[in-house]
Amino acid sequence: MTTPPTFGRSSRGFTLIDLLVVIAIIAILISLLLPAVQQAREAARRTQCRNHLKQIGLALHNYHDQYSVFPPGNGLSTLSPDAGRNVNLTTANRAAAYGWATYILPQLDQAPLFNQLNVNGLELVRLMQNASLRPLAQTKISVYLCPSDTAPDLNDQRGFTNAIFGDTAVATASYVGVHGTRWAHADDWIINRTDPFGVFWPGSKVSITDITDGSSNVFLVGERNWENLSAIWIGTRNYTGNGNVGLRQHLGITNWKINLPGNNSPRAFHSNHSGGAHFLLGDGRVQFISENIHCDNTVAVTGNPQTMIGTYQRLGMRNDGNIVGDY
Amino acid sequence: MNKESASVNCLRHSWSLAVLGLALAAGASGCGNFGPELVKVTGKVEANGLPLSKVMVEFQPQDKGSPSIGYTDENGRYELRFSRDRYGALVGRHTVRIDFDYDNGSGDPKPPFKIPAQYNRQSELNVEVSPKARQHDFDLKIADRTVSQAR
């Protein structure tokens, strides 16, 4: 009947202190592990983003093999008042056109969508006026989305805002074509021959040989995240302007620094990856460009924006003739 | 008596151990400050002695580097930002550009007046940024009647 007091105490299992120590150890382990898990997830998303840009690069080069030029930044609407030259597009709603990302759909295994859109037969202006065909422009295409981008599937910040288009939000894209270092919307280019210095602009027909700086020294496509209103793949509502629902819908310029939020942001290149953004270069390579890259939009020769001296700016220009240093 | 005091001691010990561990873990995971060394820079922009709001202040390093940008508030005060996560500017000499952030052709509202080229495109503003020189104020001379009207 007598039980030894010491034995009874030690057989009761664990004490509160033991429990606390175990909880503390688990807490430490979890706190060590969680950031690592998060980083691994971001690393995976980054890899996937690179892969998407790589596929876009291959598609652009396949397009180039077929047609000897890269696709236009966007097509030109023949429905404009002066159909031949597209001069003085007085009604903005006639200046909607398919973008580069639509022209390479067949090269991205999206031929059925390309055929349904009837890109060569039906202009975007007409398609967007047709309520039964509009949903085609809302098709989610995963290759055009960076997994780190938090944008919704339909981009309501860069939609087809005119009533004639039903004020429609279309599918988001996280990638924009590189327009150069300054804007040249349709009237600029067609009337004044203002060269934006990039590879994509309204009605552009740039081939590899036009990239005189060498295709490995020029950006083709870059990223833009939801903080900066992302982009859309279908094209543009109005290529006669460069506002948020103009050329900024599918093109960007390297005039401004990477990943720096501010009023200027919706026209530049931004990513949710920390420290920089991915760019596709003319030779099909995808590179992570650090936000510490030499960036300087100072114009060396007054009045000639082609003489911007920053490495980042020079990478955005196809024909500046300057040597791109290390970056 | 003895046992109780020992257990209290042990309790304290385990708690301090846990806190230490957590602090270590937080320290190991928390610091994500990669990239060049930055100095926080703030200041005030005035035009003819009155605060100038909604202008962009850009510090462009004169050695190869990446600029920092700030926007003035209604009191003309700005703080430079280097990237999404980091505030400040690189150490060294900078050319400063002060202008409205207006994108020609975008359809955004036009700025109320022009800031002369000597403050932006052909800037004559040079400053030295160092840990001892974090405050940089600018007073622009703008001979434009709309400057006072705009406020």
# chains A, B, ... in the order shown; residues from 1 in each chain; ligands from 1

$ residues_around --residues "segment 205-219 of chain A" --least-positions-apart "2" --cutoff "7 Å" --atoms "only C-alpha atoms" --output "list in words"
Ser68, Val69, Phe70, Pro71, Pro72, Val178, Val199, Gly203, Val221, Phe279, Leu280, Leu281, Gly282, Asp283, Leu315, Gly316, Met317, Arg318, Asn319, Asp320, Gly321 and Val324 of chain A

$ write_last_selection --atoms "N, CA and C atoms" --output "PDB file, in the first residue's frame"
ATOM      1  N   SER A  68      10.297  37.191 -91.289  1.00  0.00           N
ATOM      2  CA  SER A  68      11.543  37.980 -91.400  1.00  0.00           C
ATOM      3  C   SER A  68      11.535  39.276 -90.610  1.00  0.00           C
ATOM      4  N   VAL A  69      10.487  39.533 -89.851  1.00  0.00           N
ATOM      5  CA  VAL A  69      10.465  40.682 -88.940  1.00  0.00           C
ATOM      6  C   VAL A  69       9.813  40.242 -87.627  1.00  0.00           C
ATOM      7  N   PHE A  70      10.089  41.010 -86.575  1.00  0.00           N
ATOM      8  CA  PHE A  70       9.344  40.811 -85.339  1.00  0.00           C
ATOM      9  C   PHE A  70       7.939  41.377 -85.537  1.00  0.00           C
ATOM     10  N   PRO A  71       6.958  40.890 -84.765  1.00  0.00           N
ATOM     11  CA  PRO A  71       5.604  41.425 -84.939  1.00  0.00           C
ATOM     12  C   PRO A  71       5.579  42.909 -84.612  1.00  0.00           C
ATOM     13  N   PRO A  72       4.580  43.632 -85.140  1.00  0.00           N
ATOM     14  CA  PRO A  72       4.471  45.063 -84.801  1.00  0.00           C
ATOM     15  C   PRO A  72       4.103  45.220 -83.330  1.00  0.00           C
ATOM     16  N   VAL A 178       9.217  46.270 -75.280  1.00  0.00           N
ATOM     17  CA  VAL A 178      10.087  47.422 -75.035  1.00  0.00           C
ATOM     18  C   VAL A 178       9.955  48.394 -76.204  1.00  0.00           C
ATOM     19  N   VAL A 199      12.018  48.282 -80.034  1.00  0.00           N
ATOM     20  CA  VAL A 199      11.746  47.275 -81.039  1.00  0.00           C
ATOM     21  C   VAL A 199      10.263  47.263 -81.420  1.00  0.00           C
ATOM     22  N   GLY A 203       2.672  49.742 -85.687  1.00  0.00           N
ATOM     23  CA  GLY A 203       3.015  49.455 -87.065  1.00  0.00           C
ATOM     24  C   GLY A 203       4.480  49.153 -87.303  1.00  0.00           C
ATOM     25  N   VAL A 221      11.386  42.354 -74.311  1.00  0.00           N
ATOM     26  CA  VAL A 221      10.193  42.320 -73.464  1.00  0.00           C
ATOM     27  C   VAL A 221      10.633  42.409 -72.009  1.00  0.00           C
ATOM     28  N   PHE A 279      14.198  40.503 -67.934  1.00  0.00           N
ATOM     29  CA  PHE A 279      14.051  41.038 -69.289  1.00  0.00           C
ATOM     30  C   PHE A 279      14.408  39.956 -70.290  1.00  0.00           C
ATOM     31  N   LEU A 280      13.678  39.954 -71.396  1.00  0.00           N
ATOM     32  CA  LEU A 280      14.017  39.104 -72.533  1.00  0.00           C
ATOM     33  C   LEU A 280      14.854  39.943 -73.486  1.00  0.00           C
ATOM     34  N   LEU A 281      16.012  39.430 -73.886  1.00  0.00           N
ATOM     35  CA  LEU A 281      16.863  40.180 -74.810  1.00  0.00           C
ATOM     36  C   LEU A 281      16.706  39.645 -76.229  1.00  0.00           C
ATOM     37  N   GLY A 282      17.232  40.403 -77.175  1.00  0.00           N
ATOM     38  CA  GLY A 282      17.020  40.105 -78.586  1.00  0.00           C
ATOM     39  C   GLY A 282      17.532  38.756 -79.034  1.00  0.00           C
ATOM     40  N   ASP A 283      18.527  38.213 -78.325  1.00  0.00           N
ATOM     41  CA  ASP A 283      19.060  36.917 -78.716  1.00  0.00           C
ATOM     42  C   ASP A 283      18.294  35.759 -78.074  1.00  0.00           C
ATOM     43  N   LEU A 315      20.343  49.679 -73.144  1.00  0.00           N
ATOM     44  CA  LEU A 315      19.781  48.349 -73.385  1.00  0.00           C
ATOM     45  C   LEU A 315      18.367  48.444 -73.957  1.00  0.00           C
ATOM     46  N   GLY A 316      17.693  49.559 -73.691  1.00  0.00           N
ATOM     47  CA  GLY A 316      16.342  49.738 -74.222  1.00  0.00           C
ATOM     48  C   GLY A 316      16.327  50.248 -75.652  1.00  0.00           C
ATOM     49  N   MET A 317      17.500  50.655 -76.163  1.00  0.00           N
ATOM     50  CA  MET A 317      17.575  51.209 -77.521  1.00  0.00           C
ATOM     51  C   MET A 317      18.234  50.213 -78.466  1.00  0.00           C
ATOM     52  N   ARG A 318      17.647  50.045 -79.650  1.00  0.00           N
ATOM     53  CA  ARG A 318      18.185  49.060 -80.598  1.00  0.00           C
ATOM     54  C   ARG A 318      19.264  49.656 -81.490  1.00  0.00           C
ATOM     55  N   ASN A 319      19.356  50.993 -81.557  1.00  0.00           N
ATOM     56  CA  ASN A 319      20.188  51.624 -82.588  1.00  0.00           C
ATOM     57  C   ASN A 319      20.921  52.847 -82.061  1.00  0.00           C
ATOM     58  N   ASP A 320      21.323  52.830 -80.784  1.00  0.00           N
ATOM     59  CA  ASP A 320      21.989  54.019 -80.248  1.00  0.00           C
ATOM     60  C   ASP A 320      23.471  54.034 -80.585  1.00  0.00           C
ATOM     61  N   GLY A 321      24.025  52.879 -80.963  1.00  0.00           N
ATOM     62  CA  GLY A 321      25.415  52.838 -81.399  1.00  0.00           C
ATOM     63  C   GLY A 321      26.430  52.933 -80.286  1.00  0.00           C
ATOM     64  N   VAL A 324      27.516  48.948 -74.675  1.00  0.00           N
ATOM     65  CA  VAL A 324      26.904  48.653 -73.386  1.00  0.00           C
ATOM     66  C   VAL A 324      27.970  48.023 -72.505  1.00  0.00           C
TER      67      VAL A 324
END

$ residues_around --residues "Phe114 of chain A" --least-positions-apart "2" --cutoff "12 Å" --atoms "only C-alpha atoms" --output "compact mmCIF listing (two decimals) with N, CA and C atoms, in the first residue's frame"
# COMPACT_ATOMS: atom_id res chain seq x y z
N TYR A 98 -4.63 45.10 -82.40
CA TYR A 98 -3.99 43.96 -81.76
C TYR A 98 -2.52 44.26 -81.47
N ALA A 101 1.66 40.65 -78.60
CA ALA A 101 1.40 39.39 -77.91
C ALA A 101 0.29 38.60 -78.58
N THR A 102 -0.61 39.30 -79.30
CA THR A 102 -1.66 38.60 -80.04
C THR A 102 -1.09 37.97 -81.31
N TYR A 103 -0.16 38.69 -81.96
CA TYR A 103 0.39 38.19 -83.22
C TYR A 103 1.22 36.92 -83.04
N ILE A 104 1.75 36.70 -81.84
CA ILE A 104 2.58 35.49 -81.66
C ILE A 104 1.79 34.35 -81.01
N LEU A 105 0.46 34.48 -80.90
CA LEU A 105 -0.34 33.40 -80.32
C LEU A 105 -0.12 32.06 -81.03
N PRO A 106 -0.10 32.02 -82.39
CA PRO A 106 0.10 30.72 -83.04
C PRO A 106 1.43 30.08 -82.66
N GLN A 107 2.44 30.91 -82.40
CA GLN A 107 3.76 30.39 -82.04
C GLN A 107 3.80 29.94 -80.58
N LEU A 108 2.75 30.25 -79.83
CA LEU A 108 2.68 29.86 -78.42
C LEU A 108 1.64 28.76 -78.22
N ASP A 109 1.39 28.00 -79.26
CA ASP A 109 0.40 26.92 -79.19
C ASP A 109 -1.00 27.44 -78.89
N GLN A 110 -1.30 28.64 -79.31
CA GLN A 110 -2.64 29.20 -79.10
C GLN A 110 -3.30 29.48 -80.44
N ALA A 111 -3.00 28.66 -81.43
CA ALA A 111 -3.57 28.87 -82.76
C ALA A 111 -5.10 28.88 -82.75
N PRO A 112 -5.77 27.98 -81.99
CA PRO A 112 -7.24 28.04 -81.99
C PRO A 112 -7.78 29.40 -81.57
N GLN A 116 -9.97 31.98 -83.75
CA GLN A 116 -11.28 32.48 -83.30
C GLN A 116 -11.31 34.00 -83.29
N LEU A 117 -10.19 34.60 -82.86
CA LEU A 117 -10.11 36.06 -82.89
C LEU A 117 -10.18 36.56 -84.32
N ASN A 118 -9.74 35.70 -85.27
CA ASN A 118 -9.72 36.06 -86.68
C ASN A 118 -8.89 37.34 -86.87
N VAL A 119 -7.67 37.30 -86.34
CA VAL A 119 -6.82 38.50 -86.27
C VAL A 119 -6.62 39.13 -87.64
N ASN A 120 -6.43 38.29 -88.67
CA ASN A 120 -6.17 38.85 -89.99
C ASN A 120 -7.44 39.26 -90.71
N GLY A 121 -8.60 38.81 -90.22
CA GLY A 121 -9.85 39.12 -90.91
C GLY A 121 -10.69 40.18 -90.22
N LEU A 122 -10.64 40.21 -88.90
CA LEU A 122 -11.52 41.11 -88.15
C LEU A 122 -10.67 42.01 -87.27
N LEU A 136 -13.46 36.70 -75.92
CA LEU A 136 -12.21 36.12 -76.42
C LEU A 136 -11.01 36.91 -75.91
N ALA A 137 -11.18 38.23 -75.79
CA ALA A 137 -10.10 39.09 -75.30
C ALA A 137 -9.90 38.93 -73.80
N THR A 139 -9.59 35.91 -72.44
CA THR A 139 -9.00 34.59 -72.24
C THR A 139 -7.71 34.71 -71.44
N ILE A 234 -3.97 41.63 -75.39
CA ILE A 234 -4.72 41.71 -76.65
C ILE A 234 -4.22 42.84 -77.54

$ atom_distance --atom1 "atom CA of Gly177 of chain A" --atom2 "atom CA of Leu251 of chain A"
4.6 Å

$ residues_around --residues "Pro109 of chain B" --least-positions-apart "6" --cutoff "12 Å" --atoms "only C-alpha atoms" --output "JSON, numbers by chain"
{"A": [243], "B": [100, 101, 102, 103]}

$ residues_around --residues "Pro131 of chain B" --least-positions-apart "2" --cutoff "12 Å" --atoms "only C-alpha atoms" --output "mmCIF file with N, CA and C atoms, in the first residue's frame"
data_model
loop_
_atom_site.group_PDB
_atom_site.id
_atom_site.type_symbol
_atom_site.label_atom_id
_atom_site.label_comp_id
_atom_site.auth_asym_id
_atom_site.auth_seq_id
_atom_site.Cartn_x
_atom_site.Cartn_y
_atom_site.Cartn_z
ATOM 1 N N GLU B 37 25.249 50.676 -50.244
ATOM 2 C CA GLU B 37 24.951 51.422 -49.027
ATOM 3 C C GLU B 37 24.218 52.716 -49.376
ATOM 4 N N LEU B 38 23.184 53.022 -48.610
ATOM 5 C CA LEU B 38 22.384 54.207 -48.901
ATOM 6 C C LEU B 38 22.374 55.138 -47.695
ATOM 7 N N VAL B 39 22.178 56.413 -47.968
ATOM 8 C CA VAL B 39 22.005 57.414 -46.919
ATOM 9 C C VAL B 39 20.616 58.011 -47.091
ATOM 10 N N LYS B 40 19.868 58.077 -46.005
ATOM 11 C CA LYS B 40 18.520 58.655 -46.104
ATOM 12 C C LYS B 40 18.625 60.149 -46.381
ATOM 13 N N VAL B 41 17.887 60.601 -47.376
ATOM 14 C CA VAL B 41 17.946 62.013 -47.763
ATOM 15 C C VAL B 41 16.531 62.592 -47.759
ATOM 16 N N GLY B 88 16.501 56.324 -49.568
ATOM 17 C CA GLY B 88 17.804 56.945 -49.488
ATOM 18 C C GLY B 88 18.439 57.100 -50.844
ATOM 19 N N ALA B 89 19.701 57.557 -50.822
ATOM 20 C CA ALA B 89 20.448 57.769 -52.062
ATOM 21 C C ALA B 89 21.867 57.250 -51.871
ATOM 22 N N LEU B 90 22.547 56.999 -52.984
ATOM 23 C CA LEU B 90 23.936 56.566 -52.934
ATOM 24 C C LEU B 90 24.804 57.700 -52.401
ATOM 25 N N VAL B 91 25.913 57.343 -51.762
ATOM 26 C CA VAL B 91 26.850 58.341 -51.268
ATOM 27 C C VAL B 91 27.653 58.892 -52.441
ATOM 28 N N GLY B 92 27.869 60.208 -52.459
ATOM 29 C CA GLY B 92 28.679 60.802 -53.521
ATOM 30 C C GLY B 92 28.020 62.037 -54.098
ATOM 31 N N GLU B 128 26.326 67.077 -52.656
ATOM 32 C CA GLU B 128 27.133 65.969 -52.145
ATOM 33 C C GLU B 128 26.284 65.251 -51.101
ATOM 34 N N VAL B 129 26.083 63.956 -51.292
ATOM 35 C CA VAL B 129 25.333 63.169 -50.301
ATOM 36 C C VAL B 129 26.322 62.347 -49.501
ATOM 37 N N ALA B 133 25.577 64.742 -44.676
ATOM 38 C CA ALA B 133 24.765 65.665 -45.476
ATOM 39 C C ALA B 133 23.528 64.926 -45.978
ATOM 40 N N ARG B 134 22.507 64.903 -45.102
ATOM 41 C CA ARG B 134 21.282 64.174 -45.421
ATOM 42 C C ARG B 134 20.139 65.107 -45.780
ATOM 43 N N GLN B 135 20.316 66.390 -45.500
ATOM 44 C CA GLN B 135 19.231 67.343 -45.705
ATOM 45 C C GLN B 135 19.598 68.256 -46.857
#

$ interface_residues --of "chain A" --to "chain B" --cutoff "6 Å" --atoms "only C-alpha atoms" --output "PDB file with C-alpha atoms, in the first residue's frame"
ATOM      1  CA  ILE A  17       8.314  23.272 -17.911  1.00  0.00           C
ATOM      2  CA  VAL A  21      10.575  23.967 -23.564  1.00  0.00           C
ATOM      3  CA  ALA A  24       9.792  26.938 -27.528  1.00  0.00           C
ATOM      4  CA  ILE A  28      12.285  28.285 -33.031  1.00  0.00           C
ATOM      5  CA  LEU A  32      13.709  29.256 -38.926  1.00  0.00           C
ATOM      6  CA  GLY A 241      -1.824  58.246 -77.129  1.00  0.00           C
ATOM      7  CA  ASN A 242       0.458  56.896 -74.450  1.00  0.00           C
ATOM      8  CA  GLY A 243      -1.775  57.110 -71.393  1.00  0.00           C
ATOM      9  CA  ASN A 259      11.032  48.861 -59.552  1.00  0.00           C
ATOM     10  CA  LEU A 260      10.735  52.415 -58.269  1.00  0.00           C
ATOM     11  CA  ASN A 292      21.211  48.836 -59.111  1.00  0.00           C
ATOM     12  CA  HIS A 294      23.618  52.096 -64.080  1.00  0.00           C
ATOM     13  CA  CYS A 295      20.510  54.122 -64.890  1.00  0.00           C
TER      14      CYS A 295
END

$ atom_distance --atom1 "atom CA of Pro135 of chain A" --atom2 "atom CA of Leu113 of chain A"
11.3 Å

$ select_by_dssp --residues "segment 74-209 of chain A" --states "alpha helix (DSSP H)" --output "compact mmCIF listing (two decimals) with N, CA and C atoms, in the first residue's frame"
# COMPACT_ATOMS: atom_id res chain seq x y z
N TRP A 100 1.55 42.99 -80.07
CA TRP A 100 2.55 41.98 -80.42
C TRP A 100 2.23 40.62 -79.81
N ALA A 101 1.66 40.65 -78.60
CA ALA A 101 1.40 39.39 -77.91
C ALA A 101 0.29 38.60 -78.58
N THR A 102 -0.61 39.30 -79.30
CA THR A 102 -1.66 38.60 -80.04
C THR A 102 -1.09 37.97 -81.31
N TYR A 103 -0.16 38.69 -81.96
CA TYR A 103 0.39 38.19 -83.22
C TYR A 103 1.22 36.92 -83.04
N ALA A 111 -3.00 28.66 -81.43
CA ALA A 111 -3.57 28.87 -82.76
C ALA A 111 -5.10 28.88 -82.75
N PRO A 112 -5.77 27.98 -81.99
CA PRO A 112 -7.24 28.04 -81.99
C PRO A 112 -7.78 29.40 -81.57
N LEU A 113 -7.18 29.98 -80.51
CA LEU A 113 -7.62 31.31 -80.06
C LEU A 113 -7.36 32.35 -81.14
N PHE A 114 -6.17 32.25 -81.76
CA PHE A 114 -5.80 33.19 -82.83
C PHE A 114 -6.82 33.12 -83.97
N ASN A 115 -7.24 31.89 -84.31
CA ASN A 115 -8.20 31.72 -85.40
C ASN A 115 -9.58 32.22 -85.00
N GLN A 116 -9.97 31.98 -83.75
CA GLN A 116 -11.28 32.48 -83.30
C GLN A 116 -11.31 34.00 -83.29
N LEU A 117 -10.19 34.60 -82.86
CA LEU A 117 -10.11 36.06 -82.89
C LEU A 117 -10.18 36.56 -84.32
N LEU A 124 -9.53 44.62 -84.33
CA LEU A 124 -9.84 44.65 -82.90
C LEU A 124 -10.96 45.65 -82.62
N VAL A 125 -10.98 46.73 -83.37
CA VAL A 125 -12.05 47.74 -83.20
C VAL A 125 -13.42 47.08 -83.36
N ARG A 126 -13.54 46.22 -84.37
CA ARG A 126 -14.81 45.53 -84.63
C ARG A 126 -15.06 44.45 -83.59
N LEU A 127 -14.02 43.71 -83.27
CA LEU A 127 -14.19 42.61 -82.30
C LEU A 127 -14.70 43.14 -80.97
N MET A 128 -14.11 44.24 -80.51
CA MET A 128 -14.47 44.75 -79.19
C MET A 128 -15.85 45.41 -79.19
N GLN A 129 -16.36 45.73 -80.37
CA GLN A 129 -17.72 46.29 -80.42
C GLN A 129 -18.77 45.20 -80.40
N ALA A 186 1.17 56.70 -82.71
CA ALA A 186 1.02 56.56 -84.16
C ALA A 186 1.31 57.85 -84.91
N ASP A 187 0.75 58.97 -84.44
CA ASP A 187 0.95 60.21 -85.18
C ASP A 187 2.41 60.65 -85.15
N ASP A 188 3.03 60.46 -83.99
CA ASP A 188 4.46 60.79 -83.86
C ASP A 188 5.28 60.05 -84.91
N TRP A 189 5.03 58.75 -84.99
CA TRP A 189 5.86 57.91 -85.85
C TRP A 189 5.54 58.15 -87.31
N ILE A 190 4.23 58.18 -87.65
CA ILE A 190 3.86 58.23 -89.06
C ILE A 190 4.08 59.62 -89.65
N ILE A 191 3.77 60.65 -88.89
CA ILE A 191 3.93 61.99 -89.46
C ILE A 191 5.35 62.51 -89.25
N ASN A 192 5.83 62.42 -88.01
CA ASN A 192 7.12 63.05 -87.70
C ASN A 192 8.30 62.10 -87.77

$ residues_around --residues "Asp137 of chain B" --least-positions-apart "4" --cutoff "12 Å" --atoms "only C-alpha atoms" --output "ChimeraX atom specification"
/B:41-47,49,51-52,57,72,76-79,96,98,125-127,133

$ closest_residue --among "A:Gly246, A:Gly222, A:Pro147, A:Gly159" --to "Ala184 of chain A" --atoms "only C-alpha atoms"
A:Gly246

$ closest_residue --among "A:Gly180, A:Gly310, A:Pro305, A:Gly284" --to "Phe269 of chain A" --atoms "only C-alpha atoms"
A:Gly180

$ atom_distance --atom1 "atom CA of Arg46 of chain A" --atom2 "atom CA of Gly73 of chain A"
25.7 Å

$ residues_around --residues "Ala97 of chain A" --least-positions-apart "4" --cutoff "6 Å" --atoms "only C-alpha atoms" --output "list of chain:residue names"
A:Asn74, A:Gly75, A:Leu124, A:Gly235, A:Thr236

$ residues_around --residues "segment 169-172 of chain A" --least-positions-apart "6" --cutoff "7 Å" --atoms "only C-alpha atoms" --output "JSON, numbers by chain"
{"A": [137, 138, 139, 140, 153, 154, 155, 156, 159, 160, 231, 232, 233]}

$ write_last_selection --atoms "N, CA and C atoms" --output "PDB file, in the first residue's frame"
ATOM      1  N   ALA A 137     -11.184  38.229 -75.787  1.00  0.00           N
ATOM      2  CA  ALA A 137     -10.097  39.087 -75.301  1.00  0.00           C
ATOM      3  C   ALA A 137      -9.903  38.932 -73.799  1.00  0.00           C
ATOM      4  N   GLN A 138     -10.798  38.184 -73.155  1.00  0.00           N
ATOM      5  CA  GLN A 138     -10.669  37.971 -71.708  1.00  0.00           C
ATOM      6  C   GLN A 138     -10.076  36.600 -71.402  1.00  0.00           C
ATOM      7  N   THR A 139      -9.591  35.911 -72.444  1.00  0.00           N
ATOM      8  CA  THR A 139      -9.004  34.590 -72.241  1.00  0.00           C
ATOM      9  C   THR A 139      -7.714  34.710 -71.435  1.00  0.00           C
ATOM     10  N   LYS A 140      -7.643  33.943 -70.359  1.00  0.00           N
ATOM     11  CA  LYS A 140      -6.441  33.962 -69.528  1.00  0.00           C
ATOM     12  C   LYS A 140      -5.365  33.118 -70.190  1.00  0.00           C
ATOM     13  N   ASP A 153      -7.265  38.438 -62.929  1.00  0.00           N
ATOM     14  CA  ASP A 153      -7.269  37.872 -64.280  1.00  0.00           C
ATOM     15  C   ASP A 153      -7.700  38.906 -65.323  1.00  0.00           C
ATOM     16  N   LEU A 154      -8.656  39.766 -64.919  1.00  0.00           N
ATOM     17  CA  LEU A 154      -9.092  40.816 -65.843  1.00  0.00           C
ATOM     18  C   LEU A 154      -8.546  42.147 -65.351  1.00  0.00           C
ATOM     19  N   ASN A 155      -7.852  42.854 -66.226  1.00  0.00           N
ATOM     20  CA  ASN A 155      -7.204  44.098 -65.836  1.00  0.00           C
ATOM     21  C   ASN A 155      -8.186  45.264 -65.977  1.00  0.00           C
ATOM     22  N   ASP A 156      -8.810  45.652 -64.858  1.00  0.00           N
ATOM     23  CA  ASP A 156      -9.823  46.707 -64.922  1.00  0.00           C
ATOM     24  C   ASP A 156      -9.194  48.096 -64.901  1.00  0.00           C
ATOM     25  N   GLY A 159      -8.478  48.850 -69.251  1.00  0.00           N
ATOM     26  CA  GLY A 159      -9.515  48.223 -70.065  1.00  0.00           C
ATOM     27  C   GLY A 159      -9.830  49.009 -71.321  1.00  0.00           C
ATOM     28  N   PHE A 160     -10.835  48.531 -72.044  1.00  0.00           N
ATOM     29  CA  PHE A 160     -11.357  49.233 -73.217  1.00  0.00           C
ATOM     30  C   PHE A 160     -12.499  50.104 -72.729  1.00  0.00           C
ATOM     31  N   ALA A 231      -0.422  44.921 -67.443  1.00  0.00           N
ATOM     32  CA  ALA A 231      -0.616  45.181 -68.871  1.00  0.00           C
ATOM     33  C   ALA A 231      -1.752  44.295 -69.365  1.00  0.00           C
ATOM     34  N   ILE A 232      -2.010  44.346 -70.677  1.00  0.00           N
ATOM     35  CA  ILE A 232      -2.949  43.426 -71.308  1.00  0.00           C
ATOM     36  C   ILE A 232      -2.277  42.854 -72.538  1.00  0.00           C
ATOM     37  N   TRP A 233      -2.672  41.631 -72.945  1.00  0.00           N
ATOM     38  CA  TRP A 233      -1.984  41.028 -74.092  1.00  0.00           C
ATOM     39  C   TRP A 233      -2.675  41.329 -75.416  1.00  0.00           C
TER      40      TRP A 233
END
